[in-house]
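As provided, query-v2.pdb (PDB, C-alpha atoms) reads as follows.
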```
ATOM      1  CA  MET A   5       0.000   0.000   0.000  1.00  0.00           C
ATOM      2  CA  ASP A   6       1.173   3.517  -0.767  1.00  0.00           C
ATOM      3  CA  LYS A   7       2.192   5.697   2.142  1.00  0.00           C
ATOM      4  CA  LEU A   8       2.537   9.383   2.724  1.00  0.00           C
ATOM      5  CA  GLN A   9       4.964  11.247   4.931  1.00  0.00           C
ATOM      6  CA  LEU A  10       3.374  12.924   7.947  1.00  0.00           C
ATOM      7  CA  THR A  11       4.824  15.590  10.209  1.00  0.00           C
ATOM      8  CA  ILE A  12       2.832  17.022  13.137  1.00  0.00           C
ATOM      9  CA  VAL A  13       4.364  19.987  14.958  1.00  0.00           C
ATOM     10  CA  MET A  14       3.236  22.117  17.910  1.00  0.00           C
ATOM     11  CA  PRO A  15       5.046  25.292  19.017  1.00  0.00           C
ATOM     12  CA  THR A  16       6.874  23.384  21.754  1.00  0.00           C
ATOM     13  CA  GLU A  17       7.564  19.997  20.150  1.00  0.00           C
ATOM     14  CA  LYS A  18       7.402  17.698  17.144  1.00  0.00           C
ATOM     15  CA  VAL A  19       4.545  15.299  17.923  1.00  0.00           C
ATOM     16  CA  PHE A  20       4.880  12.837  15.050  1.00  0.00           C
ATOM     17  CA  GLU A  21       7.123  12.244  12.077  1.00  0.00           C
ATOM     18  CA  GLY A  22       6.819   9.138   9.932  1.00  0.00           C
ATOM     19  CA  GLU A  23       4.767   7.281   7.364  1.00  0.00           C
ATOM     20  CA  ALA A  24       0.983   7.034   7.374  1.00  0.00           C
ATOM     21  CA  GLU A  25      -1.665   5.458   5.156  1.00  0.00           C
ATOM     22  CA  ARG A  26      -4.404   8.002   5.957  1.00  0.00           C
ATOM     23  CA  VAL A  27      -4.837  11.286   7.823  1.00  0.00           C
ATOM     24  CA  MET A  28      -8.291  12.544   8.811  1.00  0.00           C
ATOM     25  CA  VAL A  29      -8.725  15.956  10.437  1.00  0.00           C
ATOM     26  CA  ARG A  30     -11.404  18.579  10.943  1.00  0.00           C
ATOM     27  CA  THR A  31     -10.811  21.758   8.992  1.00  0.00           C
ATOM     28  CA  THR A  32     -12.762  24.982   9.388  1.00  0.00           C
ATOM     29  CA  GLU A  33     -14.851  23.783   6.414  1.00  0.00           C
ATOM     30  CA  GLY A  34     -15.478  20.233   7.689  1.00  0.00           C
ATOM     31  CA  GLU A  35     -13.735  16.873   7.951  1.00  0.00           C
ATOM     32  CA  VAL A  36     -11.209  15.887   5.311  1.00  0.00           C
ATOM     33  CA  ALA A  37      -9.308  12.638   4.593  1.00  0.00           C
ATOM     34  CA  ILE A  38      -5.861  12.731   3.030  1.00  0.00           C
ATOM     35  CA  LEU A  39      -4.668   9.591   1.246  1.00  0.00           C
ATOM     36  CA  PRO A  40      -1.390   8.890  -0.586  1.00  0.00           C
ATOM     37  CA  ARG A  41      -0.944  10.835  -3.840  1.00  0.00           C
ATOM     38  CA  HIS A  42      -3.458  13.505  -2.738  1.00  0.00           C
ATOM     39  CA  ILE A  43      -3.370  16.719  -4.758  1.00  0.00           C
ATOM     40  CA  ASP A  44      -1.633  19.747  -3.259  1.00  0.00           C
ATOM     41  CA  TYR A  45      -3.903  21.170  -0.575  1.00  0.00           C
ATOM     42  CA  ALA A  46      -3.855  23.653   2.294  1.00  0.00           C
ATOM     43  CA  ALA A  47      -6.472  24.256   4.970  1.00  0.00           C
ATOM     44  CA  ALA A  48      -7.034  25.971   8.300  1.00  0.00           C
ATOM     45  CA  LEU A  49      -7.725  23.436  11.037  1.00  0.00           C
ATOM     46  CA  GLY A  50     -10.680  23.554  13.371  1.00  0.00           C
ATOM     47  CA  SER A  51     -11.117  21.797  16.703  1.00  0.00           C
ATOM     48  CA  GLY A  52     -12.036  18.141  16.878  1.00  0.00           C
ATOM     49  CA  GLU A  53     -10.743  14.625  16.446  1.00  0.00           C
ATOM     50  CA  ALA A  54      -7.840  13.627  14.223  1.00  0.00           C
ATOM     51  CA  ARG A  55      -7.430  10.007  13.087  1.00  0.00           C
ATOM     52  CA  ILE A  56      -4.024   8.864  11.888  1.00  0.00           C
ATOM     53  CA  THR A  57      -3.697   5.423  10.282  1.00  0.00           C
ATOM     54  CA  ALA A  58      -0.103   4.184  10.356  1.00  0.00           C
ATOM     55  CA  GLY A  59       1.148   0.617  10.262  1.00  0.00           C
ATOM     56  CA  GLY A  60      -2.420  -0.617   9.792  1.00  0.00           C
ATOM     57  CA  GLU A  61      -3.550   0.857  13.142  1.00  0.00           C
ATOM     58  CA  THR A  62      -5.640   3.980  13.639  1.00  0.00           C
ATOM     59  CA  ARG A  63      -4.761   6.341  16.487  1.00  0.00           C
ATOM     60  CA  ARG A  64      -7.083   9.103  17.622  1.00  0.00           C
ATOM     61  CA  ALA A  65      -6.128  12.528  18.912  1.00  0.00           C
ATOM     62  CA  ARG A  66      -7.643  15.864  19.890  1.00  0.00           C
ATOM     63  CA  ILE A  67      -6.513  18.751  17.722  1.00  0.00           C
ATOM     64  CA  SER A  68      -7.256  22.441  17.980  1.00  0.00           C
ATOM     65  CA  GLY A  69      -6.400  25.117  15.460  1.00  0.00           C
ATOM     66  CA  GLY A  70      -3.501  25.485  13.089  1.00  0.00           C
ATOM     67  CA  MET A  71      -2.822  24.722   9.441  1.00  0.00           C
ATOM     68  CA  MET A  72      -2.395  21.655   7.263  1.00  0.00           C
ATOM     69  CA  HIS A  73      -0.354  21.616   4.062  1.00  0.00           C
ATOM     70  CA  VAL A  74      -0.218  18.710   1.595  1.00  0.00           C
ATOM     71  CA  SER A  75       2.402  18.683  -1.156  1.00  0.00           C
ATOM     72  CA  GLN A  76       4.309  15.937  -2.987  1.00  0.00           C
ATOM     73  CA  ASN A  77       2.906  13.146  -0.782  1.00  0.00           C
ATOM     74  CA  HIS A  78       3.921  14.942   2.444  1.00  0.00           C
ATOM     75  CA  VAL A  79       1.340  16.148   4.984  1.00  0.00           C
ATOM     76  CA  ARG A  80       2.488  18.840   7.391  1.00  0.00           C
ATOM     77  CA  ILE A  81       0.268  19.778  10.322  1.00  0.00           C
ATOM     78  CA  LEU A  82       1.149  22.843  12.383  1.00  0.00           C
ATOM     79  CA  THR A  83      -1.168  23.065  15.368  1.00  0.00           C
ATOM     80  CA  THR A  84      -1.494  24.904  18.651  1.00  0.00           C
ATOM     81  CA  ASP A  85      -2.773  21.834  20.525  1.00  0.00           C
ATOM     82  CA  PHE A  86      -2.476  18.104  19.751  1.00  0.00           C
ATOM     83  CA  SER A  87      -2.841  15.213  22.199  1.00  0.00           C
ATOM     84  CA  TRP A  88      -3.265  11.486  21.610  1.00  0.00           C
ATOM     85  CA  THR A  89      -6.462  10.196  23.224  1.00  0.00           C
ATOM     86  CA  GLU A  90      -5.371   6.628  23.843  1.00  0.00           C
TER      87      GLU A  90
END
```
Show me the file's structure as structure tokens.
Amino acid sequence: MDKLQLTIVMPTEKVFEGEAERVMVRTTEGEVAILPRHIDYAAALGSGEARITAGGETRRARISGGMMHVSQNHVRILTTDFSWTE
């Protein structure tokens, strides 16, 4: 299965860096799923649940605010608050 590179950064730390199969987040316009080979995309993030599928397992997190940028199979999330819920 194709993978994408994912980087999640908060002002104080890098939360995640690695490969993922799917990234689902809530933007200010609604929920969006990013899969490998997604077109270039940028969005402001809202508050809600993020679901990251990596290694065949889905992890859930709370996310609040920030930006997401997708380019050349790399997803970059810059957020003010991110915490894994499990």
Taking the file as shown, what set of residues would the PyMOL selection byres ((chain A and resi 65) around 7) give back, as a PyMOL selection string?
-> chain A and resi 53-55+63-64+66-67+86-89
Scan for residues within 9 Å of the point (3.7, 11.0, 13.6) in the coordinates of the file, using all atoms listed in the file, and reply as number ranges by chain.
-> A: 9-12, 18-24, 56, 58
CA of Gly60 (chain A) sits from CA of Pro15 (chain A) at a separation of 28.5 Å
Test item: axis-aligned box, all listed atoms of region 43-56 of chain A, 5 Å on each side, centre and edges in Å rounded to one decimal, as JSON:
```
{"center_x": -6.8, "center_y": 17.4, "center_z": 6.1, "size_x": 20.4, "size_y": 27.1, "size_z": 31.6}
```
Hey, what's within 7 Å of region 41-48 of chain A if we count only C-alpha atoms and toss same-chain stuff fewer than 5 positions away? As number ranges by chain, please?
-> A: 31-32, 70-75, 77
For the PyMOL selection byres ((chain A and resi 30) around 8), applied here, can you spell out every residue it catches as a PDB file with C-alpha atoms, in the frame of the given file?
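File produced: part-v1.pdb:
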```pdb
ATOM      1  CA  MET A  28      -8.291  12.544   8.811  1.00  0.00           C
ATOM      2  CA  VAL A  29      -8.725  15.956  10.437  1.00  0.00           C
ATOM      3  CA  THR A  31     -10.811  21.758   8.992  1.00  0.00           C
ATOM      4  CA  THR A  32     -12.762  24.982   9.388  1.00  0.00           C
ATOM      5  CA  GLU A  33     -14.851  23.783   6.414  1.00  0.00           C
ATOM      6  CA  GLY A  34     -15.478  20.233   7.689  1.00  0.00           C
ATOM      7  CA  GLU A  35     -13.735  16.873   7.951  1.00  0.00           C
ATOM      8  CA  VAL A  36     -11.209  15.887   5.311  1.00  0.00           C
ATOM      9  CA  LEU A  49      -7.725  23.436  11.037  1.00  0.00           C
ATOM     10  CA  GLY A  50     -10.680  23.554  13.371  1.00  0.00           C
ATOM     11  CA  SER A  51     -11.117  21.797  16.703  1.00  0.00           C
ATOM     12  CA  GLY A  52     -12.036  18.141  16.878  1.00  0.00           C
ATOM     13  CA  GLU A  53     -10.743  14.625  16.446  1.00  0.00           C
ATOM     14  CA  ALA A  54      -7.840  13.627  14.223  1.00  0.00           C
TER      15      ALA A  54
END
```
Shell around Glu25 (chain A) at 7 Å using all atoms listed in the file, local window under 5 positions removed, as a list in words |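 Counting all atoms listed in the file, the residues come to Asp6, Lys7, Leu8, Leu39, Pro40, Thr57 and Ala58 of chain A.
Interatomic distance, CA of Thr62 (chain A) against CA of Val79 (chain A): 16.5 Å.
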Expressed in Å to a single decimal, how great is the separation between CA of Ile38 (chain A) and CA of Glu17 (chain A)?
->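 According to the coordinates, CA of Ile38 (chain A) and CA of Glu17 (chain A) are separated by 22.9 Å.
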